[in-house]
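File shown here: run39.cif, holding mmCIF, C-alpha atoms.
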data_data
#
loop_
_atom_site.label_atom_id
_atom_site.label_comp_id
_atom_site.auth_asym_id
_atom_site.auth_seq_id
_atom_site.Cartn_x
_atom_site.Cartn_y
_atom_site.Cartn_z
CA MET A 1 147.93 60.12 -128.09
CA SER A 2 149.38 63.60 -127.62
CA ILE A 3 149.51 66.17 -124.85
CA ALA A 4 146.41 67.74 -126.44
CA SER A 5 144.50 64.61 -125.43
CA ILE A 6 145.13 65.47 -121.79
CA SER A 7 143.24 68.71 -122.31
CA LYS A 8 140.33 66.72 -123.75
CA LEU A 9 140.50 64.36 -120.78
CA LYS A 10 140.09 67.28 -118.40
CA LYS A 11 136.80 68.21 -120.08
CA ILE A 12 135.20 64.80 -119.45
CA LYS A 13 132.81 65.25 -116.53
CA ASN A 14 132.27 61.64 -115.52
CA ARG A 15 135.62 59.89 -115.86
CA ARG A 16 136.39 56.22 -115.74
CA CYS A 17 139.51 55.90 -113.60
CA LEU A 18 141.61 52.78 -113.14
CA VAL A 19 143.80 52.84 -110.02
CA VAL A 20 146.75 50.46 -109.80
CA SER A 21 148.58 50.33 -106.48
CA CYS A 22 151.55 48.15 -105.55
CA GLY A 23 151.71 47.23 -101.89
CA GLY A 24 154.13 45.30 -99.71
CA SER A 25 154.82 41.60 -99.90
CA GLN A 26 151.45 40.74 -98.33
CA GLY A 27 149.58 43.52 -100.11
CA GLY A 28 150.24 42.47 -103.68
CA ILE A 29 148.94 44.53 -106.60
CA GLN A 30 145.54 46.17 -106.22
CA CYS A 31 143.35 47.40 -109.07
CA LEU A 32 140.23 49.48 -108.56
CA TYR A 33 138.03 50.73 -111.43
CA PHE A 34 135.51 53.46 -110.77
CA THR A 35 133.61 56.35 -112.31
CA SER A 36 133.35 59.75 -110.66
CA ASN A 37 132.06 63.20 -111.51
CA GLY A 38 134.04 64.77 -108.67
CA GLN A 39 131.69 64.28 -105.72
CA THR A 40 129.80 61.06 -106.44
CA TRP A 41 131.26 57.75 -107.53
CA GLU A 42 130.53 54.20 -108.49
CA ILE A 43 133.00 51.36 -108.09
CA LEU A 44 132.77 49.20 -111.21
CA ALA A 45 135.26 46.44 -110.40
CA HIS A 46 138.30 45.59 -108.35
CA SER A 47 140.82 42.79 -108.08
CA LYS A 48 144.06 41.88 -106.41
CA ILE A 49 146.97 39.73 -107.51
CA SER A 50 149.68 38.30 -105.27
CA TYR A 51 153.38 38.58 -105.94
CA THR A 52 155.48 35.62 -106.96
CA GLN A 53 157.70 34.02 -104.33
CA ARG A 54 160.78 35.49 -105.98
CA ILE A 55 159.36 39.01 -105.79
CA ILE A 56 158.50 38.51 -102.12
CA ALA A 57 162.02 37.19 -101.45
CA ILE A 58 163.61 40.25 -103.08
CA GLN A 59 161.30 42.56 -101.13
CA GLU A 60 162.26 40.88 -97.88
CA ILE A 61 165.97 41.32 -98.67
CA LEU A 62 165.40 45.01 -99.34
CA ASN A 63 163.35 45.38 -96.16
CA SER A 64 166.07 43.72 -94.10
CA GLY A 65 168.74 46.08 -95.41
CA SER A 66 171.09 43.14 -95.97
CA PHE A 67 172.04 43.83 -99.57
CA SER A 68 174.85 41.27 -99.74
CA ASP A 69 172.29 38.72 -100.94
CA LEU A 70 170.95 41.03 -103.66
CA ASN A 71 172.13 41.02 -107.27
CA PRO A 72 171.56 43.90 -109.73
CA SER A 73 169.71 41.39 -111.91
CA ASP A 74 167.19 40.97 -109.09
CA LEU A 75 166.15 44.62 -109.43
CA ALA A 76 165.82 44.29 -113.19
CA TYR A 77 163.69 41.17 -112.75
CA LEU A 78 161.55 42.96 -110.17
CA ASP A 79 160.86 45.94 -112.41
CA PHE A 80 160.01 43.71 -115.38
CA LYS A 81 157.93 41.12 -113.52
CA VAL A 82 155.96 43.68 -111.49
CA SER A 83 155.08 45.48 -114.73
CA GLN A 84 153.86 42.21 -116.23
CA LEU A 85 151.76 41.40 -113.16
CA ILE A 86 150.26 44.89 -113.27
CA LEU A 87 149.05 44.32 -116.82
CA GLU A 88 147.60 40.97 -115.75
CA CYS A 89 145.76 42.56 -112.82
CA ILE A 90 144.41 45.32 -115.07
CA LYS A 91 143.12 42.74 -117.56
CA THR A 92 141.41 40.79 -114.77
CA THR A 93 139.73 43.93 -113.44
CA LEU A 94 138.46 45.27 -116.76
CA ALA A 95 137.17 41.82 -117.73
CA GLN A 96 134.59 42.16 -114.93
CA THR A 97 132.88 45.09 -116.66
CA SER A 98 130.67 45.40 -119.73
CA ARG A 99 132.11 46.38 -123.10
CA SER A 100 130.48 49.81 -122.89
CA VAL A 101 132.62 50.85 -119.92
CA ASN A 102 135.71 48.62 -120.06
CA THR A 103 137.97 51.32 -121.51
CA PRO A 104 139.36 53.66 -118.84
CA HIS A 105 139.90 57.34 -119.52
CA LEU A 106 143.08 57.29 -117.44
CA VAL A 107 145.19 55.06 -115.23
CA ILE A 108 146.44 56.22 -111.83
CA PHE A 109 149.52 54.26 -110.87
CA ASN A 110 151.10 54.09 -107.42
CA LYS A 111 154.47 52.40 -107.90
CA MET A 112 155.99 49.70 -105.72
CA THR A 113 158.38 51.29 -103.25
CA LEU A 114 161.47 49.13 -102.99
CA TRP A 115 163.41 51.31 -100.63
CA LYS A 116 162.78 54.61 -98.89
CA CYS A 117 165.46 56.00 -96.68
CA LEU A 118 167.05 59.13 -95.31
CA THR A 119 170.01 60.66 -97.10
CA GLU A 120 172.11 63.56 -95.89
CA GLU A 121 172.77 66.50 -98.15
CA ASN A 122 174.06 69.90 -97.01
CA CYS A 123 173.55 68.92 -93.37
CA GLN A 124 169.88 68.17 -94.01
CA GLN A 125 168.08 64.85 -93.85
CA ILE A 126 166.14 64.09 -97.02
CA TYR A 127 164.04 61.08 -97.93
CA TRP A 128 164.56 59.36 -101.25
CA ASP A 129 163.12 56.22 -102.78
CA VAL A 130 163.73 53.47 -105.28
CA SER A 131 160.63 52.08 -107.01
CA ALA A 132 159.54 49.38 -109.45
CA GLY A 133 156.89 49.20 -112.16
CA ASP A 134 156.95 50.91 -115.56
CA PRO A 135 154.15 53.47 -116.10
CA GLN A 136 155.20 53.97 -119.71
CA LEU A 137 154.63 50.28 -120.43
CA ILE A 138 151.13 50.57 -118.94
CA ALA A 139 150.35 53.66 -121.01
CA SER A 140 151.60 52.09 -124.24
CA SER A 141 149.90 48.73 -123.62
CA LEU A 142 146.47 50.26 -122.89
CA ASN A 143 146.82 53.28 -125.17
CA THR A 144 145.70 55.26 -122.14
CA PRO A 145 147.45 58.13 -120.32
CA VAL A 146 148.94 57.21 -116.96
CA PHE A 147 149.39 59.56 -114.00
CA SER A 148 152.11 58.42 -111.60
CA ASP A 149 155.24 59.33 -109.60
CA PHE A 150 153.35 60.64 -106.55
CA ALA A 151 155.93 59.65 -103.95
CA ARG A 152 158.79 61.02 -106.07
CA ASN A 153 157.09 64.37 -106.65
CA ASN A 154 156.40 64.69 -102.94
CA LEU A 155 160.05 63.94 -102.21
CA ILE A 156 161.23 66.51 -104.73
CA ALA A 157 158.91 69.00 -103.06
CA GLY A 158 160.67 68.38 -99.74
CA GLY A 159 158.22 65.88 -98.29
CA THR A 160 158.68 62.33 -97.04
CA GLY A 161 157.20 60.53 -100.04
CA ALA A 162 153.56 60.66 -98.93
CA ILE A 163 150.97 59.99 -101.61
CA PRO A 164 148.10 62.51 -101.85
CA VAL A 165 144.96 60.90 -100.46
CA ASN A 166 143.24 63.36 -98.11
CA PRO A 167 141.24 65.26 -100.75
CA GLY A 168 139.93 61.83 -101.78
CA ASN A 169 139.28 60.92 -98.16
CA ARG A 170 137.15 64.05 -97.78
CA ILE A 171 135.13 63.05 -100.86
CA ILE A 172 134.66 59.55 -99.42
CA LEU A 173 133.34 61.03 -96.17
CA SER A 174 131.20 63.73 -97.78
CA LYS A 175 128.03 61.90 -96.71
CA CYS A 176 129.28 61.15 -93.19
CA PRO A 177 128.28 63.99 -90.83
CA GLY A 178 130.56 65.13 -88.06
CA ILE A 179 134.05 63.90 -87.27
CA THR A 180 135.28 60.55 -88.58
CA MET A 181 138.42 58.59 -87.79
CA LEU A 182 139.86 56.70 -90.77
CA LEU A 183 142.19 54.00 -89.57
CA ASN A 184 144.20 52.03 -92.11
CA ILE A 185 146.03 49.02 -90.69
CA GLY A 186 148.58 47.86 -93.22
CA ILE A 187 152.26 47.19 -92.55
CA PHE A 188 152.05 50.40 -90.50
CA SER A 189 148.97 51.90 -88.87
CA HIS A 190 147.87 55.27 -90.25
CA LEU A 191 145.28 57.44 -88.50
CA THR A 192 143.41 60.23 -90.30
CA ILE A 193 140.69 62.24 -88.55
CA ILE A 194 138.49 64.46 -90.71
CA ASP A 195 135.77 66.93 -89.77
CA THR A 196 133.50 66.90 -92.82
CA SER A 197 131.47 69.90 -91.67
CA ARG A 198 134.60 72.05 -91.87
CA SER A 199 136.32 69.96 -94.56
CA THR A 200 139.32 69.88 -92.24
CA VAL A 201 141.92 67.20 -91.56
CA LEU A 202 142.46 67.27 -87.80
CA VAL A 203 144.99 64.43 -87.47
CA ASP A 204 146.95 62.57 -90.12
CA SER A 205 149.95 60.40 -89.26
CA ILE A 206 151.45 56.98 -88.96
CA THR A 207 150.90 55.86 -85.38
CA GLY A 208 153.08 52.76 -85.18
CA PRO A 209 153.27 49.19 -86.43
CA GLY A 210 150.29 47.73 -88.19
CA THR A 211 150.77 44.09 -89.10
CA CYS A 212 154.54 44.08 -89.72
CA LEU A 213 155.52 42.59 -86.34
CA ILE A 214 152.44 40.37 -86.18
CA ASP A 215 153.27 38.91 -89.59
CA SER A 216 156.85 38.13 -88.56
CA VAL A 217 155.75 36.17 -85.49
CA ALA A 218 152.91 34.46 -87.36
CA LYS A 219 155.36 33.23 -89.98
CA SER A 220 157.61 31.73 -87.31
CA ILE A 221 154.63 29.93 -85.75
CA LEU A 222 152.84 28.74 -88.87
CA GLU A 223 155.64 28.46 -91.44
CA VAL A 224 152.98 28.04 -94.14
CA GLU A 225 151.20 31.41 -93.76
CA SER A 226 152.92 34.67 -92.92
CA PHE A 227 150.00 36.45 -91.25
CA ASP A 228 147.63 35.83 -88.36
CA ARG A 229 144.37 34.97 -90.10
CA ASP A 230 141.47 36.71 -88.30
CA GLY A 231 143.76 37.22 -85.28
CA ASN A 232 143.32 33.58 -84.23
CA LEU A 233 146.89 33.17 -82.98
CA ALA A 234 146.75 36.34 -80.88
CA SER A 235 143.44 35.25 -79.36
CA MET A 236 145.18 32.15 -77.95
CA GLY A 237 147.85 34.17 -76.15
CA LYS A 238 148.05 36.45 -73.14
CA VAL A 239 149.19 40.07 -73.33
CA ASP A 240 152.17 40.95 -71.15
CA GLY A 241 150.86 44.26 -69.84
CA GLU A 242 154.09 45.39 -68.21
CA LEU A 243 156.09 44.70 -71.37
CA LEU A 244 153.45 46.49 -73.46
CA ASN A 245 153.82 49.60 -71.30
CA THR A 246 157.58 49.47 -71.79
CA LEU A 247 157.29 49.13 -75.57
CA VAL A 248 154.99 52.15 -75.98
CA SER A 249 157.37 54.22 -73.83
CA ALA A 250 160.12 54.10 -76.48
CA PRO A 251 161.10 57.52 -77.96
CA TRP A 252 159.44 56.99 -81.36
CA PHE A 253 156.08 56.20 -79.75
CA THR A 254 156.15 59.10 -77.29
CA LYS A 255 157.21 61.65 -79.91
CA ASN A 256 154.52 64.25 -80.60
CA GLY A 257 153.34 65.51 -83.98
CA LEU A 258 153.52 64.05 -87.45
CA LYS A 259 155.39 60.75 -87.62
CA SER A 260 156.84 58.79 -90.50
CA ALA A 261 158.29 55.32 -90.71
CA VAL A 262 160.54 53.47 -93.11
CA SER A 263 160.78 49.78 -93.87
CA GLY A 264 162.09 47.85 -90.87
CA GLN A 265 161.36 50.75 -88.49
CA PHE A 266 160.06 48.49 -85.72
CA ASP A 267 162.06 45.31 -86.35
CA TYR A 268 164.23 46.04 -83.32
CA ILE A 269 161.26 45.18 -81.10
CA LEU A 270 161.46 41.53 -82.13
CA ASP A 271 165.06 41.38 -80.84
CA ILE A 272 164.28 42.81 -77.39
CA PRO A 273 165.03 39.92 -74.99
CA GLU A 274 161.79 40.36 -73.06
CA VAL A 275 159.87 40.04 -76.35
CA SER A 276 161.82 37.17 -77.90
CA LYS A 277 161.59 35.12 -74.68
CA LEU A 278 157.80 35.24 -74.57
CA PRO A 279 155.98 32.04 -75.60
CA PRO A 280 154.93 32.42 -79.27
CA TYR A 281 151.22 32.97 -78.65
CA ASP A 282 151.87 35.47 -75.84
CA ARG A 283 154.38 37.25 -78.09
CA ILE A 284 151.90 37.69 -80.95
CA ALA A 285 149.15 38.72 -78.51
CA THR A 286 151.41 41.38 -76.98
CA LEU A 287 152.50 42.71 -80.38
CA THR A 288 148.88 42.77 -81.55
CA ALA A 289 148.02 44.81 -78.46
CA LEU A 290 150.96 47.10 -79.31
CA THR A 291 149.33 47.93 -82.65
CA ALA A 292 146.05 48.89 -80.98
CA ARG A 293 147.66 50.65 -78.00
CA SER A 294 149.96 52.82 -80.15
CA ILE A 295 146.96 53.92 -82.25
CA TYR A 296 145.02 54.88 -79.13
CA ASN A 297 147.96 56.64 -77.48
CA TYR A 298 148.56 58.75 -80.56
CA TYR A 299 144.88 59.67 -80.75
CA ARG A 300 144.79 60.59 -77.06
CA THR A 301 147.87 62.79 -77.41
CA GLU A 302 147.22 64.49 -80.74
CA TYR A 303 143.45 64.89 -80.97
CA LYS A 304 142.64 68.37 -79.63
CA ASP A 305 139.04 68.98 -80.72
CA SER A 306 136.49 69.30 -77.91
CA ASN A 307 133.99 67.14 -79.81
CA ALA A 308 134.63 63.41 -79.82
CA PRO A 309 134.74 61.61 -83.18
CA GLU A 310 131.45 59.98 -84.09
CA ARG A 311 132.85 56.85 -85.71
CA ILE A 312 135.95 54.87 -86.61
CA LEU A 313 136.13 53.33 -90.07
CA ILE A 314 138.90 50.78 -90.46
CA SER A 315 140.53 49.52 -93.63
CA GLY A 316 143.63 47.64 -94.75
CA GLY A 317 144.64 44.03 -94.32
CA GLY A 318 144.75 44.38 -90.54
CA ALA A 319 141.05 45.27 -90.51
CA ASN A 320 140.38 41.54 -90.88
CA ASN A 321 142.23 40.82 -87.63
CA LEU A 322 139.39 40.37 -85.14
CA THR A 323 141.74 40.50 -82.15
CA ILE A 324 143.00 43.93 -83.17
CA GLN A 325 139.37 45.01 -83.44
CA GLU A 326 138.62 43.75 -79.93
CA TYR A 327 141.60 45.61 -78.48
CA LEU A 328 140.56 48.79 -80.31
CA LYS A 329 137.01 48.51 -78.95
CA THR A 330 138.45 48.19 -75.44
CA TYR A 331 140.57 51.32 -75.84
CA PHE A 332 138.09 53.54 -77.69
CA GLN A 333 135.00 52.28 -75.84
CA ALA A 334 132.20 54.75 -76.72
CA ILE A 335 133.31 55.40 -80.33
CA PRO A 336 131.71 52.81 -82.63
CA ILE A 337 134.06 50.90 -84.93
CA SER A 338 133.02 49.55 -88.31
CA SER A 339 134.55 48.56 -91.62
CA ILE A 340 135.01 50.95 -94.53
CA GLU A 341 132.83 48.43 -96.36
CA THR A 342 129.82 50.20 -94.85
CA LEU A 343 130.51 52.88 -97.48
CA THR A 344 130.60 50.20 -100.22
CA ILE A 345 134.40 50.43 -100.43
CA PRO A 346 136.35 47.14 -100.36
CA VAL A 347 138.20 46.85 -97.05
CA ASP A 348 141.69 46.76 -98.59
CA MET A 349 141.00 49.40 -101.27
CA ARG A 350 140.37 52.60 -99.31
CA ILE A 351 143.85 54.08 -99.84
CA PRO A 352 143.97 53.35 -103.60
CA PHE A 353 140.42 54.67 -103.94
CA ALA A 354 141.26 57.88 -102.05
CA LEU A 355 144.29 58.36 -104.29
CA GLY A 356 142.12 57.88 -107.38
CA LEU A 357 139.51 60.39 -106.18
CA THR A 358 142.28 62.87 -105.35
CA VAL A 359 143.86 62.65 -108.80
CA ASN A 360 140.46 62.86 -110.49
CA ALA A 361 139.68 66.02 -108.51
CA SER A 362 143.09 67.46 -109.39
CA ILE A 363 142.46 66.89 -113.11
CA SER A 364 139.19 68.80 -112.71
CA GLY A 365 141.09 71.80 -111.40
CA VAL A 366 140.91 71.27 -107.65
CA THR A 367 144.13 72.42 -106.02
CA VAL A 368 145.76 69.50 -104.23
CA PRO A 369 148.60 70.71 -102.00
CA PHE A 370 151.48 68.49 -101.04
CA ASP A 371 150.81 66.98 -97.62
CA ASN A 372 154.20 68.02 -96.27
CA GLY A 373 156.24 69.32 -99.18
CA THR A 374 158.14 72.58 -98.90
CA ALA A 375 159.54 73.33 -102.38
CA PRO A 376 157.34 75.87 -104.21
CA LYS A 377 158.80 75.06 -107.65
CA VAL A 378 157.05 71.68 -107.66
CA THR A 379 153.45 72.32 -108.66
CA SER A 380 152.12 68.92 -109.74
CA ILE A 381 151.34 66.00 -107.45
CA GLY A 382 152.41 63.57 -110.17
CA ARG A 383 153.59 63.10 -113.73
CA TRP A 384 151.83 62.16 -116.96
CA TYR A 385 152.99 59.26 -119.15
CA ILE A 386 151.55 59.45 -122.66
CA PRO A 387 151.19 56.42 -124.99
#

Starting from the file, lay out its structure as structure tokens.
Amino acid sequence: MSIASISKLKKIKNRRCLVVSCGGSQGGIQCLYFTSNGQTWEILAHSKISYTQRIIAIQEILNSGSFSDLNPSDLAYLDFKVSQLILECIKTTLAQTSRSVNTPHLVIFNKMTLWKCLTEENCQQIYWDVSAGDPQLIASSLNTPVFSDFARNNLIAGGTGAIPVNPGNRIILSKCPGITMLLNIGIFSHLTIIDTSRSTVLVDSITGPGTCLIDSVAKSILEVESFDRDGNLASMGKVDGELLNTLVSAPWFTKNGLKSAVSGQFDYILDIPEVSKLPPYDRIATLTALTARSIYNYYRTEYKDSNAPERILISGGGANNLTIQEYLKTYFQAIPISSIETLTIPVDMRIPFALGLTVNASISGVTVPFDNGTAPKVTSIGRWYIP
């Protein structure tokens, strides 16, 4: 396949797009296969594959920042093994479809971020990242062009490594009138508020921890599982209201405007004596309330429109935590909360799907600006890998 084939790809009106997205240790590898003509879509298949224990262990070392336990061979293993698991996940996804549609026109690949941090160059703070997963291997194995390197291109453009999803989010919400809050609860919580009537993004930022602190406490309680299934553990505890007020008064939480977070951003909270001394169930209940409270506080501070949002659609692994949902309902009261599944989108696939719709629109000629990039010389949101 040559570069000329990319030009032919751009002329296909209804494309079959395969999105591959590598998440954190609990997220695993997600594959979503869909067709879209730009404004309408059909999800054909999706699947998810978990990481091996060794991959999770390496990720946890990188997240902790304690690199003394890390060998260079670990990074080589990670890159190789993640690439192999990606191919396995792709095979599982395509096997769910009929022969007539089981060949994608392109693959959209969001790499695994191993490390994203601030560097200092010329008295400026700049984000940079280290990633895993080989897009060229995917392209060569499937004989299909791969579009990737979203975080890196955003970083080169002067951004913080954000992947472009809001054009896709607007397509997802095209049939939802009024103002909608999209809330993704993953390792971090990310709030996006879109007014579809004006095709405008009103709010878009990380708001605080999602499940990262909850998972840490759950692991210490359960030992077997490293997450609070359905929020059962938190439901057995009591929220320390005074401590919760103290936690959300920290400088990061009270900062206005766009926020970003890096791996381990909120780990310090677990070491605060008042937190660590709480009984385990009260600790996880309080940290679960922190997730919901920080989302609400950010909304209350940053949302300026006179019209209230008409709905909240939640996604991500934390959307399955019923205790988080109860806390959110308490805070937001009159705004109805429902799952992104009401739009026929799998609950943990909204971000990959939005990325896929964004890239598909970009290939069709829609201008997709960098969310927060500043370098005008960078014109593409990603990079092609040709078989």

message = Restricting the calculation to only C-alpha atoms: of A:Val201, A:Thr52, A:Thr323, A:Gly264, which residue gets closest to Val239 (chain A)?
response =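 Using only C-alpha atoms, Val239 (chain A) sits closest to A:Thr323.
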
Can you list, as a PDB file with C-alpha atoms, keeping the file's coordinate frame, the residues that the PyMOL selection byres ((chain A and resi 296) around 12) selects here?
ATOM      1  CA  MET A 181     138.420  58.590 -87.790  1.00  0.00           C
ATOM      2  CA  LEU A 183     142.190  54.000 -89.570  1.00  0.00           C
ATOM      3  CA  SER A 189     148.970  51.900 -88.870  1.00  0.00           C
ATOM      4  CA  HIS A 190     147.870  55.270 -90.250  1.00  0.00           C
ATOM      5  CA  LEU A 191     145.280  57.440 -88.500  1.00  0.00           C
ATOM      6  CA  ILE A 206     151.450  56.980 -88.960  1.00  0.00           C
ATOM      7  CA  THR A 207     150.900  55.860 -85.380  1.00  0.00           C
ATOM      8  CA  GLY A 208     153.080  52.760 -85.180  1.00  0.00           C
ATOM      9  CA  VAL A 248     154.990  52.150 -75.980  1.00  0.00           C
ATOM     10  CA  PHE A 253     156.080  56.200 -79.750  1.00  0.00           C
ATOM     11  CA  ALA A 289     148.020  44.810 -78.460  1.00  0.00           C
ATOM     12  CA  LEU A 290     150.960  47.100 -79.310  1.00  0.00           C
ATOM     13  CA  THR A 291     149.330  47.930 -82.650  1.00  0.00           C
ATOM     14  CA  ALA A 292     146.050  48.890 -80.980  1.00  0.00           C
ATOM     15  CA  ARG A 293     147.660  50.650 -78.000  1.00  0.00           C
ATOM     16  CA  SER A 294     149.960  52.820 -80.150  1.00  0.00           C
ATOM     17  CA  ILE A 295     146.960  53.920 -82.250  1.00  0.00           C
ATOM     18  CA  ASN A 297     147.960  56.640 -77.480  1.00  0.00           C
ATOM     19  CA  TYR A 298     148.560  58.750 -80.560  1.00  0.00           C
ATOM     20  CA  TYR A 299     144.880  59.670 -80.750  1.00  0.00           C
ATOM     21  CA  ARG A 300     144.790  60.590 -77.060  1.00  0.00           C
ATOM     22  CA  THR A 301     147.870  62.790 -77.410  1.00  0.00           C
ATOM     23  CA  GLU A 302     147.220  64.490 -80.740  1.00  0.00           C
ATOM     24  CA  TYR A 303     143.450  64.890 -80.970  1.00  0.00           C
ATOM     25  CA  ILE A 312     135.950  54.870 -86.610  1.00  0.00           C
ATOM     26  CA  ILE A 324     143.000  43.930 -83.170  1.00  0.00           C
ATOM     27  CA  TYR A 327     141.600  45.610 -78.480  1.00  0.00           C
ATOM     28  CA  LEU A 328     140.560  48.790 -80.310  1.00  0.00           C
ATOM     29  CA  LYS A 329     137.010  48.510 -78.950  1.00  0.00           C
ATOM     30  CA  THR A 330     138.450  48.190 -75.440  1.00  0.00           C
ATOM     31  CA  TYR A 331     140.570  51.320 -75.840  1.00  0.00           C
ATOM     32  CA  PHE A 332     138.090  53.540 -77.690  1.00  0.00           C
ATOM     33  CA  GLN A 333     135.000  52.280 -75.840  1.00  0.00           C
ATOM     34  CA  ILE A 335     133.310  55.400 -80.330  1.00  0.00           C
TER      35      ILE A 335
END

message = Since I can't run it myself right now, could you work out what the PyMOL selection byres ((chain A and resi 363) around 12) selects here and report it as an MDAnalysis selection string?
response = chainID A and resid 6:15 17 36:38 105:106 108 147 356:362 364:368 380:384

inquiry  = With distances taken over only C-alpha atoms, which residue among A:Thr40, A:Asn320, A:Gln84, A:Ser50 lies nearest Ser174 (chain A)?
reply    =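 Among A:Thr40, A:Asn320, A:Gln84, A:Ser50, it is A:Thr40 that comes nearest to Ser174 (chain A).
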
Separation of CA of Ser306 (chain A) from CA of Asn245 (chain A), in Å and rounded to one decimal = 27.1 Å

note = Separating CA of Thr35 (chain A) from CA of Arg16 (chain A), to the nearest tenth of an Å, is a gap of 4.4 Å

note = One decimal place gives the CA of Thr379 (chain A)-CA of Ala157 (chain A) separation as 8.5 Å

task = Carefully work through the PyMOL selection byres ((chain A and resi 158-170) around 9) for this structure and note down the residues it includes, as a PyMOL selection string.
result = chain A and resi 110+116+126-129+150-157+171-174+182+192+194-196+199-201+204+260+350-361+368-375+381

So which residues touch Pro145 (chain A) within 6 Å, counting all atoms listed in the file, skipping near sequence neighbours fewer than 2 positions away, as a PDB file with C-alpha atoms, in the coordinates of the input?
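This is the output file around_6.pdb:
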ATOM      1  CA  LEU A 106     143.080  57.290-117.440  1.00  0.00           C
ATOM      2  CA  ALA A 139     150.350  53.660-121.010  1.00  0.00           C
ATOM      3  CA  TYR A 385     152.990  59.260-119.150  1.00  0.00           C
ATOM      4  CA  ILE A 386     151.550  59.450-122.660  1.00  0.00           C
TER       5      ILE A 386
END

inquiry  = Under the rule that all atoms listed in the file are counted, which of A:Arg283, A:Glu310, A:Met349, A:Asp74 is the nearest residue to Phe34 (chain A)?
reply    = A:Met349

task = Please identify all polymer residues lying at most 10 Å from the point (130.8, 43.5, -112.3) (file coordinates), using all atoms listed in the file, and present the result as a list in words.
result =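 So the residues meeting the distance criterion are Ile43, Leu44, Ala45, His46, Thr93, Leu94, Ala95, Gln96, Thr97 and Ser98 of chain A.
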
For C-alpha atoms, I'd like the residues from the last selection saved as a PDB file, in the coordinates of the input.
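Saved result, again-v8.pdb, follows:
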ATOM      1  CA  ILE A  43     133.000  51.360-108.090  1.00  0.00           C
ATOM      2  CA  LEU A  44     132.770  49.200-111.210  1.00  0.00           C
ATOM      3  CA  ALA A  45     135.260  46.440-110.400  1.00  0.00           C
ATOM      4  CA  HIS A  46     138.300  45.590-108.350  1.00  0.00           C
ATOM      5  CA  THR A  93     139.730  43.930-113.440  1.00  0.00           C
ATOM      6  CA  LEU A  94     138.460  45.270-116.760  1.00  0.00           C
ATOM      7  CA  ALA A  95     137.170  41.820-117.730  1.00  0.00           C
ATOM      8  CA  GLN A  96     134.590  42.160-114.930  1.00  0.00           C
ATOM      9  CA  THR A  97     132.880  45.090-116.660  1.00  0.00           C
ATOM     10  CA  SER A  98     130.670  45.400-119.730  1.00  0.00           C
TER      11      SER A  98
END

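Using all atoms listed in the file for every distance, the candidate list A:Phe188, A:Phe227, A:Phe109, A:Tyr33 yields A:Phe109 as the residue closest to Ser148 (chain A).
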
ask   = What's the 8 Å shell around Ile340 (chain A), counting all atoms listed in the file, without same-chain residues fewer than 3 positions away, as a list in words?
value = Leu313, Ile314, Ser315, Leu343, Thr344, Ile345, Pro346, Val347 and Arg350 of chain A

Generate a file of the selected residues that holds C-alpha atoms, formatted as a PDB file, in the coordinates of the input.
ATOM      1  CA  LEU A 313     136.130  53.330 -90.070  1.00  0.00           C
ATOM      2  CA  ILE A 314     138.900  50.780 -90.460  1.00  0.00           C
ATOM      3  CA  SER A 315     140.530  49.520 -93.630  1.00  0.00           C
ATOM      4  CA  LEU A 343     130.510  52.880 -97.480  1.00  0.00           C
ATOM      5  CA  THR A 344     130.600  50.200-100.220  1.00  0.00           C
ATOM      6  CA  ILE A 345     134.400  50.430-100.430  1.00  0.00           C
ATOM      7  CA  PRO A 346     136.350  47.140-100.360  1.00  0.00           C
ATOM      8  CA  VAL A 347     138.200  46.850 -97.050  1.00  0.00           C
ATOM      9  CA  ARG A 350     140.370  52.600 -99.310  1.00  0.00           C
TER      10      ARG A 350
END

query = Taking all atoms listed in the file into account, which of A:Glu223, A:Asp215, A:Glu242, A:Glu326 comes nearest Asp267 (chain A)?
reply =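 Residue with the minimum atom-to-atom distance to Asp267 (chain A): A:Asp215.
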
Please provide as a compact mmCIF listing (two decimals) with C-alpha atoms, in the coordinates of the input all residues within 8 Å of Ser131 (chain A), with the sequence filter that same-chain residues fewer than 5 positions apart are discarded (counting only C-alpha atoms).
# COMPACT_ATOMS: atom_id res chain seq x y z
CA LYS A 111 154.47 52.40 -107.90
CA MET A 112 155.99 49.70 -105.72
CA THR A 113 158.38 51.29 -103.25
CA LEU A 114 161.47 49.13 -102.99
CA TRP A 115 163.41 51.31 -100.63

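Counting all atoms listed in the file, the residue from A:Leu287, A:Leu278, A:Leu258, A:Cys22 that sits nearest to Ser83 (chain A) is A:Cys22.
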